[in-house]
Amino acid sequence: MIDLNVDILIIGAGPAGLAAAIAAKEQGIDSILILEREDMPGGILRQCIHNGFGLHRFNEELTGPEYAQRDIDRVNELGIKIRCGTTVLSVSEDKLVTCVSSEEGFRTIKAKAIILAMGCRERPRGALCTPGTRCAGIYSAGTAQRFVNLEGYMPGRRVVILGSGDIGLIMARRMTLQGAKVLACVEIMPYSSGLNRNIVQCLEDYDIPLYLSHTVTDIKGRERVEGVTVARVDENRKPIPGTEIDFRCDTLLLSCGLIPENELSLGAGVELSPVTSGAVVDEDLETSITGIYACGNVLHVHDLVDHVSSESFRAGKAAAEYVKGIKREGRIIHVKDGFGVRGVVPQRIHGGCREDVTFMFRPASVYRNSTAVVTCGNNVIKRKKAMIFTPGEMATLTLKASELEAVQEVDGDITVSIEQEGM
Amino acid sequence: MEKLITCINCPVGCRMTVTLTEDGEFISVTGNTCKRGADYAKQECTLPLRMITAVIPVDGSDMPLSVKTASPVPKRLIKEIMKELSEVKVSAPISLGQVIIPDILNTGVDIIATRSVEK
């Protein structure tokens with residue numbers, strides 16, 4: 001039984017869902033509903049109280065809550081409905097969505113188009129294979145961030161952080177400013193995947209040591225963490241005996257990577273990419289199922305919310321056009337990862353595409369003074385030089401509509417690759 | 001006197017060497033690849049500035065209020081500003097951008113709310 005029919009249903013009211021809703025409404029679609037599992041819209045930005053968001057989109061540095069509020073205000077202004085406290089249970093191929101909330105109970109909603117905007121999750125302890133006891137005091141960095149910034153609790157007093165991604169670095173500073181002692185930030189790789197800015201302003205400013213090529217080899221404690229052992233690793237990331245350092249601490253925070261949260265997408269039968277762990281999409285962010293779109297961190301993990309917003313505007317606009325019956329034309333051109341490129345999105349485009357298309361990808365390693373190259377068949381379509389490509393920063397490359405015309409004249413797939421200097 | 005610093009403006013992360021006089025006045029910088037790097041190096045060696053963000057408790061609410069300095073403040077004041085913030089109490093309603101503490105520690109910079117709280 002269907003309780004409600006809508007034109008566009010959006011799952012998640014974080015920056016991706018909000019931007020997609022705004023774009024769809026601005027295309028003239030009135031029947032839009034956003035479902036959000038938390039009690040308030042804003043997504044992860046609500047707990048990201050530090051600043052640095054919005055430099056590209058608004059040309060100013062906002063905090064997370066401020067960035068989110070701009071989109072929430074616009075959504076309210078446009079009269080788009082958000083149903084908070086509502087968890088989506090399933091999505092089906094024919095766009096039937098079941099959800100549950102304490103106010104309305106179990107409901108079934110039928111949509112003409114669905115936009116998946118569920119975001120991502122942190123890699124948990126279980127996925128890291130860290131030895132040691134199962135005691136209290138081990139949290140993902142984002143969980144600790146939620147405790148401190150949204151719930152007003154301090155998760156511990158003496159802290160070691162495993163992983164030097166940006167959330168870990170940001171939490172090193174937050175915990176220190178709130179009175180905790182952060183003893184060390186431990187990174188298994190020989191480099192940090194965090195921004196230089198965060199290394200300087202979150203670790204160096206507070207004299208927190210960064211142990212590169214080190215990992216946690218033991219966690220001790222019965223009820224609560226009492227200490228961790230950290231050891232140097234070799235080039236195969238195996239701990240080197242004899243290099244152990246013991247830290248007495250009551251808390252271990254994990255900042256070891258983010259994974260798109262695609263359980264609902266899988267349930268619907270959406271094809272996922274093994275590289276991005278997100279859906280395989282075209283230039284409209286349409287997944288393998290017609291009328292189902294994906295954008296933001298559920299599609300691929302972004303570094304900048306500004307990129308999430310621009311990607312999601314595109315998804316919202318495309319979903320609106322789909323509802324209005326506008327179809328895409330032309331042959332399907334596959335977009336492949338070449339040398340030095342991991343997880344390029346979108347993975348396919350239509351030959352008849354008349355709009356600029358932005359490719360986003362993660363460089364596989366650090367490449368200095370190199371060039372990103374787009375080829376189609378044997379033709380070079382575009383080259384873009386950069387002083388540095390690094391895995392810590394998503395690279396973007398935009399093909400103008402005029403440049404896409406060149407693609408239509410040749411056969412074959414598109415490849416995005418990195419050319420190193422002197423090659 | 002020389003100081004080594006890493007540029008934070010972009011992922012290139014230039015290693016810069018700043019030459020200062022004995023009493024800490026800026027003379028020159030090398031190792032930067034753009035003007036933003038030079039400006040940052042000079043600022044960071046003479047008067048390093050930081051934005052401060054924090055949360056403070058709200059009377060009658062479980063969820064704390066996020067606040068920030070309206071513009072960057074001298075880095076050496078971070079500890080003192082956090083202490084001031086630990087002693088402030090606010091109550092709803094609060095609107096985004098509302099001044100929570102004016103002119104904190106005579107810096108000329110206000111502490112402002114970064115979200116709204118309804119009554």
# chains A, B, ... in the order shown; residues from 1 in each chain; ligands from 1
$ residues_around --residues "stretch 55-66 of chain B" --least-positions-apart "3" --cutoff "6 Å" --atoms "only C-alpha atoms" --output "PyMOL selection string"
(chain A and resi 150-152) or (chain B and resi 90-91+114)
$ write_last_selection --atoms "C-alpha atoms" --output "JSON list (two decimals), in the first residue's frame"
[["chain", "number", "residue", "atom", "x", "y", "z"],
["A", 150, "LEU", "CA", 26.81, 18.37, 19.82],
["A", 151, "GLU", "CA", 26.24, 16.57, 23.09],
["A", 152, "GLY", "CA", 28.64, 18.40, 25.38],
["B", 90, "VAL", "CA", 24.10, 31.88, 27.58],
["B", 91, "SER", "CA", 20.40, 31.22, 27.30],
["B", 114, "THR", "CA", 27.60, 30.10, 14.57]]
$ interface_residues --of "chain A" --to "chain B" --cutoff "8 Å" --atoms "only C-alpha atoms" --output "MDAnalysis selection string"
chainID A and resid 49:51 63 65:66 69 149:152 174 177 195:197 200 387:388 390 393
$ write_last_selection --atoms "N, CA and C atoms" --output "CSV table (one decimal), in the first residue's frame"
chain,number,residue,atom,x,y,z
A,49,ILE,N,32.3,22.2,13.8
A,49,ILE,CA,32.2,23.6,14.2
A,49,ILE,C,33.4,24.4,13.8
A,50,HIS,N,34.5,23.8,13.3
A,50,HIS,CA,35.7,24.5,12.9
A,50,HIS,C,35.4,25.3,11.6
A,51,ASN,N,36.3,26.2,11.2
A,51,ASN,CA,36.0,27.0,10.0
A,51,ASN,C,36.8,26.5,8.8
A,63,THR,N,32.0,28.3,9.3
A,63,THR,CA,32.1,27.0,10.0
A,63,THR,C,31.0,26.1,9.4
A,65,PRO,N,28.3,24.6,10.8
A,65,PRO,CA,26.9,24.9,11.0
A,65,PRO,C,26.4,26.1,10.2
A,66,GLU,N,27.3,27.1,10.0
A,66,GLU,CA,27.0,28.3,9.2
A,66,GLU,C,26.7,27.9,7.7
A,69,GLN,N,23.5,26.1,7.4
A,69,GLN,CA,22.3,27.0,7.6
A,69,GLN,C,21.9,27.7,6.4
A,149,ASN,N,31.0,18.2,20.4
A,149,ASN,CA,30.5,19.5,19.8
A,149,ASN,C,28.9,19.5,19.8
A,150,LEU,N,28.3,18.3,19.9
A,150,LEU,CA,26.8,18.4,19.8
A,150,LEU,C,26.2,18.0,21.1
A,151,GLU,N,26.9,17.1,21.9
A,151,GLU,CA,26.2,16.6,23.1
A,151,GLU,C,26.9,17.1,24.4
A,152,GLY,N,28.0,17.8,24.2
A,152,GLY,CA,28.6,18.4,25.4
A,152,GLY,C,29.3,17.4,26.4
A,174,ARG,N,40.6,19.9,19.0
A,174,ARG,CA,39.4,20.1,19.8
A,174,ARG,C,39.5,19.5,21.2
A,177,LEU,N,41.9,21.7,23.2
A,177,LEU,CA,41.3,23.0,23.6
A,177,LEU,C,40.2,22.8,24.7
A,195,LEU,N,45.3,17.8,5.4
A,195,LEU,CA,45.8,19.1,4.8
A,195,LEU,C,47.0,19.6,5.6
A,196,ASN,N,47.9,20.3,4.9
A,196,ASN,CA,49.1,20.9,5.6
A,196,ASN,C,48.6,21.9,6.7
A,197,ARG,N,47.5,22.6,6.3
A,197,ARG,CA,46.9,23.5,7.3
A,197,ARG,C,46.6,22.9,8.6
A,200,VAL,N,49.7,21.8,10.7
A,200,VAL,CA,50.3,23.0,11.3
A,200,VAL,C,49.4,23.5,12.5
A,387,MET,N,51.0,21.8,-10.1
A,387,MET,CA,52.3,21.7,-9.4
A,387,MET,C,52.3,20.5,-8.5
A,388,ILE,N,51.1,20.0,-8.1
A,388,ILE,CA,51.1,18.8,-7.3
A,388,ILE,C,49.8,18.1,-7.4
A,390,THR,N,48.0,15.0,-5.2
A,390,THR,CA,48.2,14.2,-4.0
A,390,THR,C,46.9,13.5,-3.6
A,393,GLU,N,44.1,15.2,-1.8
A,393,GLU,CA,43.2,16.2,-2.4
A,393,GLU,C,42.6,15.7,-3.7
$ select_by_dssp --residues "stretch 3-103 of chain B" --states "alpha helix (DSSP H)" --output "ChimeraX atom specification"
/B:35-46,78-86
$ residues_around --residues "stretch 98-112 of chain B" --least-positions-apart "3" --cutoff "8 Å" --atoms "only C-alpha atoms" --output "JSON, numbers by chain"
{"B": [67, 68, 69, 70, 71, 73, 81, 90, 94, 95]}
$ write_last_selection --atoms "N, CA and C atoms" --output "mmCIF file, in the first residue's frame"
data_model
loop_
_atom_site.group_PDB
_atom_site.id
_atom_site.type_symbol
_atom_site.label_atom_id
_atom_site.label_comp_id
_atom_site.auth_asym_id
_atom_site.auth_seq_id
_atom_site.Cartn_x
_atom_site.Cartn_y
_atom_site.Cartn_z
ATOM 1 N N VAL B 67 30.490 28.523 18.691
ATOM 2 C CA VAL B 67 30.862 29.939 18.551
ATOM 3 C C VAL B 67 32.206 30.049 17.837
ATOM 4 N N LYS B 68 32.513 31.265 17.362
ATOM 5 C CA LYS B 68 33.824 31.493 16.735
ATOM 6 C C LYS B 68 34.271 32.928 16.970
ATOM 7 N N THR B 69 35.556 33.181 16.764
ATOM 8 C CA THR B 69 36.016 34.558 16.729
ATOM 9 C C THR B 69 35.584 35.112 15.372
ATOM 10 N N ALA B 70 35.078 36.356 15.354
ATOM 11 C CA ALA B 70 34.550 36.898 14.098
ATOM 12 C C ALA B 70 35.649 37.066 13.057
ATOM 13 N N SER B 71 36.893 37.170 13.498
ATOM 14 C CA SER B 71 38.041 37.196 12.583
ATOM 15 C C SER B 71 39.236 36.590 13.335
ATOM 16 N N VAL B 73 42.534 35.890 15.495
ATOM 17 C CA VAL B 73 43.111 36.592 16.653
ATOM 18 C C VAL B 73 44.541 36.087 16.861
ATOM 19 N N ILE B 81 41.620 32.853 25.691
ATOM 20 C CA ILE B 81 40.276 32.981 25.120
ATOM 21 C C ILE B 81 39.444 31.750 25.467
ATOM 22 N N VAL B 90 25.084 31.192 28.420
ATOM 23 C CA VAL B 90 24.103 31.879 27.582
ATOM 24 C C VAL B 90 22.758 31.180 27.711
ATOM 25 N N ILE B 94 18.965 32.413 20.756
ATOM 26 C CA ILE B 94 20.210 32.978 20.240
ATOM 27 C C ILE B 94 20.120 32.905 18.717
ATOM 28 N N SER B 95 20.551 33.970 18.056
ATOM 29 C CA SER B 95 20.508 33.912 16.593
ATOM 30 C C SER B 95 21.915 33.811 16.028
#
$ residues_around --residues "A:Ser402" --least-positions-apart "3" --cutoff "10 Å" --atoms "only C-alpha atoms" --output "list of chain:residue names"
A:Arg354, A:Glu355, A:Asp356, A:Leu399, A:Glu405, A:Ala406, A:Val407
$ write_last_selection --atoms "C-alpha atoms" --output "mmCIF file, in the first residue's frame"
data_model
loop_
_atom_site.group_PDB
_atom_site.id
_atom_site.type_symbol
_atom_site.label_atom_id
_atom_site.label_comp_id
_atom_site.auth_asym_id
_atom_site.auth_seq_id
_atom_site.Cartn_x
_atom_site.Cartn_y
_atom_site.Cartn_z
ATOM 1 C CA ARG A 354 25.639 19.568 -24.289
ATOM 2 C CA GLU A 355 26.881 20.761 -20.911
ATOM 3 C CA ASP A 356 30.286 21.034 -19.246
ATOM 4 C CA LEU A 399 35.530 19.327 -20.064
ATOM 5 C CA GLU A 405 32.037 17.789 -29.304
ATOM 6 C CA ALA A 406 35.487 16.462 -30.200
ATOM 7 C CA VAL A 407 34.597 13.282 -28.293
#
$ closest_residue --among "A:Gln420, A:Asn297, A:Thr371, A:Thr396" --to "A:Pro15" --atoms "only C-alpha atoms"
A:Asn297
$ residues_around --residues "stretch 113-126 of chain A" --least-positions-apart "3" --cutoff "8 Å" --atoms "only C-alpha atoms" --output "PyMOL selection string"
chain A and resi 7-14+16-17+20+95+129-130+140+142+254-262+265+291-299+301+315-316+319+322-323
$ decode --residues "stretch 130-236 of chain A" --atoms "C-alpha atoms" --output "PDB file, in the first residue's frame"
ATOM      1  CA  THR A 130      43.986  -3.888  15.756  1.00  0.00           C
ATOM      2  CA  PRO A 131      44.903  -6.382  18.497  1.00  0.00           C
ATOM      3  CA  GLY A 132      44.082  -5.850  22.158  1.00  0.00           C
ATOM      4  CA  THR A 133      41.170  -6.012  24.568  1.00  0.00           C
ATOM      5  CA  ARG A 134      37.592  -4.952  23.908  1.00  0.00           C
ATOM      6  CA  CYS A 135      37.496  -2.194  26.519  1.00  0.00           C
ATOM      7  CA  ALA A 136      35.602   1.106  26.618  1.00  0.00           C
ATOM      8  CA  GLY A 137      37.311   4.287  25.445  1.00  0.00           C
ATOM      9  CA  ILE A 138      37.824   3.466  21.774  1.00  0.00           C
ATOM     10  CA  TYR A 139      35.886   5.793  19.482  1.00  0.00           C
ATOM     11  CA  SER A 140      35.972   6.852  15.889  1.00  0.00           C
ATOM     12  CA  ALA A 141      37.111  10.479  15.635  1.00  0.00           C
ATOM     13  CA  GLY A 142      33.712  11.519  14.284  1.00  0.00           C
ATOM     14  CA  THR A 143      31.905   9.940  17.223  1.00  0.00           C
ATOM     15  CA  ALA A 144      34.148  11.856  19.613  1.00  0.00           C
ATOM     16  CA  GLN A 145      33.447  15.004  17.585  1.00  0.00           C
ATOM     17  CA  ARG A 146      29.739  14.441  18.006  1.00  0.00           C
ATOM     18  CA  PHE A 147      30.096  13.917  21.775  1.00  0.00           C
ATOM     19  CA  VAL A 148      32.158  17.086  22.247  1.00  0.00           C
ATOM     20  CA  ASN A 149      30.460  19.451  19.810  1.00  0.00           C
ATOM     21  CA  LEU A 150      26.806  18.367  19.819  1.00  0.00           C
ATOM     22  CA  GLU A 151      26.241  16.569  23.089  1.00  0.00           C
ATOM     23  CA  GLY A 152      28.639  18.398  25.381  1.00  0.00           C
ATOM     24  CA  TYR A 153      30.512  15.351  26.711  1.00  0.00           C
ATOM     25  CA  MET A 154      34.283  14.807  26.827  1.00  0.00           C
ATOM     26  CA  PRO A 155      35.074  11.218  25.820  1.00  0.00           C
ATOM     27  CA  GLY A 156      38.408  11.128  27.700  1.00  0.00           C
ATOM     28  CA  ARG A 157      41.353  12.936  29.274  1.00  0.00           C
ATOM     29  CA  ARG A 158      44.512  11.336  27.852  1.00  0.00           C
ATOM     30  CA  VAL A 159      44.191  10.592  24.170  1.00  0.00           C
ATOM     31  CA  VAL A 160      46.070   8.812  21.385  1.00  0.00           C
ATOM     32  CA  ILE A 161      44.796   9.229  17.823  1.00  0.00           C
ATOM     33  CA  LEU A 162      45.303   6.529  15.193  1.00  0.00           C
ATOM     34  CA  GLY A 163      45.215   7.904  11.644  1.00  0.00           C
ATOM     35  CA  SER A 164      46.078  11.410  10.511  1.00  0.00           C
ATOM     36  CA  GLY A 165      43.134  12.171   8.229  1.00  0.00           C
ATOM     37  CA  ASP A 166      41.593  15.583   8.646  1.00  0.00           C
ATOM     38  CA  ILE A 167      38.945  14.509  11.167  1.00  0.00           C
ATOM     39  CA  GLY A 168      41.652  13.005  13.395  1.00  0.00           C
ATOM     40  CA  LEU A 169      43.729  16.171  13.188  1.00  0.00           C
ATOM     41  CA  ILE A 170      40.733  18.415  13.863  1.00  0.00           C
ATOM     42  CA  MET A 171      39.847  16.281  16.901  1.00  0.00           C
ATOM     43  CA  ALA A 172      43.430  16.470  18.224  1.00  0.00           C
ATOM     44  CA  ARG A 173      42.920  20.234  18.477  1.00  0.00           C
ATOM     45  CA  ARG A 174      39.354  20.058  19.781  1.00  0.00           C
ATOM     46  CA  MET A 175      40.250  17.619  22.564  1.00  0.00           C
ATOM     47  CA  THR A 176      43.278  19.750  23.512  1.00  0.00           C
ATOM     48  CA  LEU A 177      41.267  22.979  23.602  1.00  0.00           C
ATOM     49  CA  GLN A 178      38.660  21.284  25.786  1.00  0.00           C
ATOM     50  CA  GLY A 179      41.334  20.333  28.318  1.00  0.00           C
ATOM     51  CA  ALA A 180      42.431  16.827  27.296  1.00  0.00           C
ATOM     52  CA  LYS A 181      46.064  15.835  26.766  1.00  0.00           C
ATOM     53  CA  VAL A 182      46.641  14.442  23.264  1.00  0.00           C
ATOM     54  CA  LEU A 183      49.803  12.348  23.500  1.00  0.00           C
ATOM     55  CA  ALA A 184      50.321  11.360  19.897  1.00  0.00           C
ATOM     56  CA  CYS A 185      48.853  11.145  16.424  1.00  0.00           C
ATOM     57  CA  VAL A 186      49.928   7.876  14.800  1.00  0.00           C
ATOM     58  CA  GLU A 187      49.917   7.328  11.010  1.00  0.00           C
ATOM     59  CA  ILE A 188      50.758   4.026   9.319  1.00  0.00           C
ATOM     60  CA  MET A 189      51.678   5.693   6.017  1.00  0.00           C
ATOM     61  CA  PRO A 190      54.932   7.652   5.579  1.00  0.00           C
ATOM     62  CA  TYR A 191      52.808  10.778   4.918  1.00  0.00           C
ATOM     63  CA  SER A 192      49.641  12.287   6.353  1.00  0.00           C
ATOM     64  CA  SER A 193      46.519  12.344   4.222  1.00  0.00           C
ATOM     65  CA  GLY A 194      45.438  15.495   6.080  1.00  0.00           C
ATOM     66  CA  LEU A 195      45.809  19.063   4.834  1.00  0.00           C
ATOM     67  CA  ASN A 196      49.064  20.927   5.617  1.00  0.00           C
ATOM     68  CA  ARG A 197      46.924  23.529   7.260  1.00  0.00           C
ATOM     69  CA  ASN A 198      45.597  20.985   9.740  1.00  0.00           C
ATOM     70  CA  ILE A 199      49.044  19.488  10.454  1.00  0.00           C
ATOM     71  CA  VAL A 200      50.276  22.983  11.343  1.00  0.00           C
ATOM     72  CA  GLN A 201      47.216  24.374  13.107  1.00  0.00           C
ATOM     73  CA  CYS A 202      45.972  21.224  14.876  1.00  0.00           C
ATOM     74  CA  LEU A 203      49.197  19.382  15.785  1.00  0.00           C
ATOM     75  CA  GLU A 204      52.218  21.727  15.623  1.00  0.00           C
ATOM     76  CA  ASP A 205      50.402  24.609  17.347  1.00  0.00           C
ATOM     77  CA  TYR A 206      49.855  22.346  20.361  1.00  0.00           C
ATOM     78  CA  ASP A 207      53.149  20.400  20.226  1.00  0.00           C
ATOM     79  CA  ILE A 208      51.347  17.112  19.499  1.00  0.00           C
ATOM     80  CA  PRO A 209      53.842  14.665  17.950  1.00  0.00           C
ATOM     81  CA  LEU A 210      52.965  13.022  14.623  1.00  0.00           C
ATOM     82  CA  TYR A 211      54.406   9.505  14.309  1.00  0.00           C
ATOM     83  CA  LEU A 212      54.560   8.679  10.589  1.00  0.00           C
ATOM     84  CA  SER A 213      55.107   5.020   9.523  1.00  0.00           C
ATOM     85  CA  HIS A 214      53.803   3.907  12.936  1.00  0.00           C
ATOM     86  CA  THR A 215      50.700   2.047  14.039  1.00  0.00           C
ATOM     87  CA  VAL A 216      48.950   0.838  17.189  1.00  0.00           C
ATOM     88  CA  THR A 217      49.975  -2.761  17.889  1.00  0.00           C
ATOM     89  CA  ASP A 218      48.213  -3.303  21.209  1.00  0.00           C
ATOM     90  CA  ILE A 219      45.371  -1.857  23.265  1.00  0.00           C
ATOM     91  CA  LYS A 220      45.444  -2.578  27.000  1.00  0.00           C
ATOM     92  CA  GLY A 221      42.729  -2.236  29.606  1.00  0.00           C
ATOM     93  CA  ARG A 222      39.991  -4.257  31.264  1.00  0.00           C
ATOM     94  CA  GLU A 223      36.957  -2.002  31.666  1.00  0.00           C
ATOM     95  CA  ARG A 224      38.511   1.087  30.104  1.00  0.00           C
ATOM     96  CA  VAL A 225      41.538   1.750  27.893  1.00  0.00           C
ATOM     97  CA  GLU A 226      44.635   1.954  30.115  1.00  0.00           C
ATOM     98  CA  GLY A 227      47.250   2.291  27.430  1.00  0.00           C
ATOM     99  CA  VAL A 228      48.251   1.584  23.843  1.00  0.00           C
ATOM    100  CA  THR A 229      51.454   0.306  22.266  1.00  0.00           C
ATOM    101  CA  VAL A 230      52.719   2.013  19.136  1.00  0.00           C
ATOM    102  CA  ALA A 231      55.418   0.559  16.869  1.00  0.00           C
ATOM    103  CA  ARG A 232      57.235   1.635  13.733  1.00  0.00           C
ATOM    104  CA  VAL A 233      56.245  -0.223  10.534  1.00  0.00           C
ATOM    105  CA  ASP A 234      58.387  -1.316   7.600  1.00  0.00           C
ATOM    106  CA  GLU A 235      57.678  -0.561   3.937  1.00  0.00           C
ATOM    107  CA  ASN A 236      55.108  -3.385   3.893  1.00  0.00           C
TER     108      ASN A 236
END
